[in-house]
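Engineer: What follows is a structure written as structure tokens; I'll ask about it next.
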Amino acid sequence: MPTLARHVRLRHDAARDQYVLLGPETVAVLNGTSAAILRLCDGQRSIAEIIAELRGTYEHVAEDDVRGFLSRMAARHYVEITDG
Amino acid sequence: MDSPFGLLAELTYRCPLSCAYCSNPVDLVDYGDELTTAEWQRVIVEAAELGVLQLHLSGGEPLLRRDIAELAATARDHGMYTNLVTSALGLSRRRAEELRAAGVDHVQVSVQADEPAVSDRIAGTPSFARKVEACRLVKELGWPLTLNVVLHRQNIDRIGAVLRLAEELDADRVELANTQYYGWAWRNRDALLPSRSQLEQAEEVVSAARTRLKGRMDVIYVLPDYYSRYPKPCMGGWAQRQLTVAPNGDVLPCPAAQTLPLPRASVRADSLARIWTESPLFQAFRGTDWMPDPCRSCDRKETDFGGCRCQAFLLTGDAARTDPVCHLSPDHGIVEAAVRAANDGPRELTLVPRPHRVGQP
């Protein structure tokens, strides 16, 4: 169950009309799909459920891409992945 | 033109510490007339509208402003991520809880060394024990903690012990930044600049710690640019990503830029948006058109942006020259001479402490 780390915030930035991820001394400007994945990281959905939900919106959702993205985000401490 | 991402709000230059490496301006007398609460709130709202996402509440010691929680709340209400950059003196439990409730997201606490005697000597006041206590409080309240350590000739040999302290305090990040020579640090440069062998040892310790702490703690190590081949990409380019507001409302593309012979810009006279987009100060070195050679014809000109304008000015008297730390700069000999002096065997140089406030020695 991926969830955003407690010390980061995901928000829409009106000035740039993009989603951004904010953390200590970091600003990550997100593309549409990255933002869509992170918005589903609420600690309630499993990775499989996130992928299923993305497939309702996007035509091509490669499972490996989503898993790879989430593990990169976890390595940078933006996302925590718990069992469940 | 891009919007700025970060605002460094230097709320006051008053400080309970008197570190000789401080980059605050030497003529503190010009900054005594501090912005009011309402003025700072206007600045924060204007910054948010301009696209600023990160607010750094700094100083001096920002906790000396009684209204800091109010300012943090304004930033939170406008979606900003707020960093408190503090000596931790004045961070009582009551104050910390108030700031947590006001939405401060992240706390950076400075220490001057790994143990009380050295840390207190460098800070100029008994403070180490209170800092350690405050770090524990920051963690207890659920904040991410960054430990900030400015490195120089008198503490860089203790970097291993500093890293162990950071680990013991369960810091999420540790920033080990070699001194940047502006303000009081510029005045004290020759006593602060480490030797090459000190730096080599420090780098070994940092690299081993990074391996050991991987996944647990981010270790940020800022090299001293005097020893680099190329200059630092100062502020990500002049007036590209960041802006600073000084205690008196002066707006600057970089916190050291108040020394440059350029027209002033102040939030007391103009809006932040107009200053960012149009002021002669912010336009002065924006982009690459201002560059002289060797920068103009260099393929790194969009990588390091010619280095630091303030450093070029301090070292050569001309802010529009290539940063002399670059080995390609015609003025590089100035930096080489300072480095040579720092490696000419032991030196006993006296540090000039910065005063706590105007009028105090």
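Convention: chains lettered A, B, ... in structure tokens order; per-chain residue numbering from 1; ligands numbered from 1 as shown.
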With chain B as the partner and 12 Å as the cut-off, tabulate the residues of chain A that qualify, each row holding the nearest pair of atoms and their distance in Å to one decimal, using only C-alpha atoms, sorted by chain and rising number, as CSV.
Structural biologist:
```
residue,atom,partner,partner_atom,distance
A:Ala5,CA,B:Pro144,CA,10.5
A:Arg6,CA,B:Pro144,CA,8.7
A:His7,CA,B:Pro144,CA,6.3
A:Val8,CA,B:Asp105,CA,8.5
A:Arg9,CA,B:Tyr81,CA,7.8
A:Leu10,CA,B:Gly79,CA,10.0
A:Arg11,CA,B:Gly79,CA,7.8
A:His12,CA,B:Gly79,CA,9.2
A:Asp13,CA,B:Gly51,CA,7.5
A:Ala14,CA,B:Gly51,CA,7.6
A:Ala15,CA,B:Gly51,CA,5.1
A:Arg16,CA,B:Gly51,CA,7.3
A:Asp17,CA,B:Gly51,CA,10.1
A:Gln18,CA,B:Gly51,CA,11.2
A:Tyr19,CA,B:Leu53,CA,11.4
A:Val20,CA,B:Leu53,CA,8.8
A:Leu21,CA,B:Leu53,CA,9.7
A:Leu22,CA,B:Tyr81,CA,6.5
A:Gly23,CA,B:Tyr81,CA,7.3
A:Pro24,CA,B:His106,CA,6.2
A:Glu25,CA,B:Gln54,CA,7.8
A:Thr26,CA,B:Gln54,CA,8.4
A:Val27,CA,B:Leu53,CA,7.6
A:Ala28,CA,B:Phe5,CA,10.3
A:Val29,CA,B:Phe5,CA,10.4
A:Arg72,CA,B:Gly215,CA,12.0
A:Ala74,CA,B:Gly215,CA,9.6
A:Ala75,CA,B:Gly215,CA,7.0
A:Arg76,CA,B:Gly215,CA,8.2
A:His77,CA,B:Gly215,CA,8.1
A:Tyr78,CA,B:Gly215,CA,11.9
A:Glu80,CA,B:Gly215,CA,11.9
```
Engineer: Residues of the last selection are to be written out with C-alpha atoms, as a PDB file, in the first residue's frame.
Structural biologist:
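Result saved to out-v5.pdb:
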```pdb
ATOM      1  CA  ALA A   5       5.554  10.218   3.087  1.00  0.00           C
ATOM      2  CA  ARG A   6       4.424  12.371   5.964  1.00  0.00           C
ATOM      3  CA  HIS A   7       6.898  15.131   5.223  1.00  0.00           C
ATOM      4  CA  VAL A   8       5.933  15.682   1.570  1.00  0.00           C
ATOM      5  CA  ARG A   9       2.960  17.447   0.075  1.00  0.00           C
ATOM      6  CA  LEU A  10       1.337  16.984  -3.316  1.00  0.00           C
ATOM      7  CA  ARG A  11      -0.522  19.988  -4.634  1.00  0.00           C
ATOM      8  CA  HIS A  12      -1.652  21.669  -7.777  1.00  0.00           C
ATOM      9  CA  ASP A  13       0.363  24.771  -8.606  1.00  0.00           C
ATOM     10  CA  ALA A  14      -1.867  27.356 -10.235  1.00  0.00           C
ATOM     11  CA  ALA A  15       1.025  29.540 -11.447  1.00  0.00           C
ATOM     12  CA  ARG A  16       2.457  26.710 -13.559  1.00  0.00           C
ATOM     13  CA  ASP A  17      -0.751  24.691 -13.985  1.00  0.00           C
ATOM     14  CA  GLN A  18       1.046  21.523 -12.955  1.00  0.00           C
ATOM     15  CA  TYR A  19       1.140  19.212  -9.957  1.00  0.00           C
ATOM     16  CA  VAL A  20       4.157  19.576  -7.712  1.00  0.00           C
ATOM     17  CA  LEU A  21       5.582  17.481  -4.930  1.00  0.00           C
ATOM     18  CA  LEU A  22       7.048  19.520  -2.086  1.00  0.00           C
ATOM     19  CA  GLY A  23       9.511  18.259   0.507  1.00  0.00           C
ATOM     20  CA  PRO A  24      12.428  19.525   2.587  1.00  0.00           C
ATOM     21  CA  GLU A  25      14.463  21.681   0.175  1.00  0.00           C
ATOM     22  CA  THR A  26      12.866  19.991  -2.833  1.00  0.00           C
ATOM     23  CA  VAL A  27      10.309  20.935  -5.439  1.00  0.00           C
ATOM     24  CA  ALA A  28       9.486  18.264  -8.015  1.00  0.00           C
ATOM     25  CA  VAL A  29       7.334  19.429 -10.907  1.00  0.00           C
ATOM     26  CA  ARG A  72      12.063   5.219  -7.340  1.00  0.00           C
ATOM     27  CA  ALA A  74      10.200   5.256  -2.312  1.00  0.00           C
ATOM     28  CA  ALA A  75      14.001   5.329  -2.669  1.00  0.00           C
ATOM     29  CA  ARG A  76      13.815   9.128  -2.507  1.00  0.00           C
ATOM     30  CA  HIS A  77      11.559   8.941   0.578  1.00  0.00           C
ATOM     31  CA  TYR A  78       8.654  10.648  -1.161  1.00  0.00           C
ATOM     32  CA  GLU A  80       6.346   4.823   1.753  1.00  0.00           C
TER      33      GLU A  80
END
```
Engineer: Check the DSSP output for the backbone and give back, as a list in words, the residues of stretch 89-192 of chain B in strand (DSSP E or B).
Structural biologist: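 DSSP on the backbone gives strand (DSSP E or B) at His106, Val107, Gln108, Val109, Ser110, Leu145, Thr146, Leu147, Asn148, Val149, Val150, Leu151, Arg173, Val174, Glu175, Leu176, Ala177 and Asn178 of chain B.
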Engineer: Using only C-alpha atoms, which protein or nucleic acid residues come within 12 Å of stretch 38-50 of chain A? Drop anything in the same chain fewer than 2 positions from it, and give the result as an MDAnalysis selection string.
Structural biologist: chainID A and resid 1:6 8:12 19:21 30:36 52:58 61:71 73:74 78:84
Engineer: Generate the output file for the selected residues, C-alpha atoms, as a PDB file, in the first residue's frame.
Structural biologist:
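Wrote it out as out25.pdb, contents follow:
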```
ATOM      1  CA  MET A   1       0.000   0.000   0.000  1.00  0.00           C
ATOM      2  CA  PRO A   2       1.888   3.085  -1.125  1.00  0.00           C
ATOM      3  CA  THR A   3       1.279   6.314   0.726  1.00  0.00           C
ATOM      4  CA  LEU A   4       2.877   9.731   0.454  1.00  0.00           C
ATOM      5  CA  ALA A   5       5.554  10.218   3.087  1.00  0.00           C
ATOM      6  CA  ARG A   6       4.424  12.371   5.964  1.00  0.00           C
ATOM      7  CA  VAL A   8       5.933  15.682   1.570  1.00  0.00           C
ATOM      8  CA  ARG A   9       2.960  17.447   0.075  1.00  0.00           C
ATOM      9  CA  LEU A  10       1.337  16.984  -3.316  1.00  0.00           C
ATOM     10  CA  ARG A  11      -0.522  19.988  -4.634  1.00  0.00           C
ATOM     11  CA  HIS A  12      -1.652  21.669  -7.777  1.00  0.00           C
ATOM     12  CA  TYR A  19       1.140  19.212  -9.957  1.00  0.00           C
ATOM     13  CA  VAL A  20       4.157  19.576  -7.712  1.00  0.00           C
ATOM     14  CA  LEU A  21       5.582  17.481  -4.930  1.00  0.00           C
ATOM     15  CA  LEU A  30       5.307  16.401 -12.005  1.00  0.00           C
ATOM     16  CA  ASN A  31       4.039  15.345 -15.400  1.00  0.00           C
ATOM     17  CA  GLY A  32       0.420  14.255 -15.733  1.00  0.00           C
ATOM     18  CA  THR A  33       0.906  10.534 -15.218  1.00  0.00           C
ATOM     19  CA  SER A  34       3.272  10.897 -12.255  1.00  0.00           C
ATOM     20  CA  ALA A  35       0.741  13.161 -10.574  1.00  0.00           C
ATOM     21  CA  ALA A  36      -2.087  10.729 -11.357  1.00  0.00           C
ATOM     22  CA  ALA A  52      -6.499  -0.853 -12.253  1.00  0.00           C
ATOM     23  CA  GLU A  53      -7.762   2.626 -11.514  1.00  0.00           C
ATOM     24  CA  LEU A  54      -5.254   4.252 -13.885  1.00  0.00           C
ATOM     25  CA  ARG A  55      -6.428   1.910 -16.634  1.00  0.00           C
ATOM     26  CA  GLY A  56      -9.876   3.439 -16.255  1.00  0.00           C
ATOM     27  CA  THR A  57      -8.416   6.816 -17.301  1.00  0.00           C
ATOM     28  CA  TYR A  58      -5.361   6.082 -19.454  1.00  0.00           C
ATOM     29  CA  VAL A  61      -0.655   1.638 -18.390  1.00  0.00           C
ATOM     30  CA  ALA A  62       2.365  -0.646 -18.118  1.00  0.00           C
ATOM     31  CA  GLU A  63       2.500  -2.335 -14.742  1.00  0.00           C
ATOM     32  CA  ASP A  64       6.325  -2.293 -14.723  1.00  0.00           C
ATOM     33  CA  ASP A  65       6.383   1.459 -15.319  1.00  0.00           C
ATOM     34  CA  VAL A  66       4.104   2.162 -12.372  1.00  0.00           C
ATOM     35  CA  ARG A  67       5.967  -0.210 -10.061  1.00  0.00           C
ATOM     36  CA  GLY A  68       9.309   1.217 -11.192  1.00  0.00           C
ATOM     37  CA  PHE A  69       8.129   4.791 -10.651  1.00  0.00           C
ATOM     38  CA  LEU A  70       6.835   3.984  -7.167  1.00  0.00           C
ATOM     39  CA  SER A  71      10.017   2.250  -6.107  1.00  0.00           C
ATOM     40  CA  MET A  73       9.807   7.535  -5.338  1.00  0.00           C
ATOM     41  CA  ALA A  74      10.200   5.256  -2.312  1.00  0.00           C
ATOM     42  CA  TYR A  78       8.654  10.648  -1.161  1.00  0.00           C
ATOM     43  CA  VAL A  79       6.528   7.524  -0.887  1.00  0.00           C
ATOM     44  CA  GLU A  80       6.346   4.823   1.753  1.00  0.00           C
ATOM     45  CA  ILE A  81       5.219   1.357   0.742  1.00  0.00           C
ATOM     46  CA  THR A  82       3.664  -0.739   3.481  1.00  0.00           C
ATOM     47  CA  ASP A  83       2.361  -4.279   3.343  1.00  0.00           C
ATOM     48  CA  GLY A  84      -1.300  -4.904   3.007  1.00  0.00           C
TER      49      GLY A  84
END
```
Engineer: Tell me which protein, DNA and RNA residues are within 9 Å of B:Ser127, counting only C-alpha atoms, leaving out same-chain ones fewer than 2 positions away, and put them as a ChimeraX atom specification.
Structural biologist: /B:17,87-89,111,116,119-120,123-125,129-132
Engineer: Give me, please, the distance in Å between atom CA of B:Val335 and atom CA of B:Tyr226, quoted to one decimal.
Structural biologist: 6.4 Å
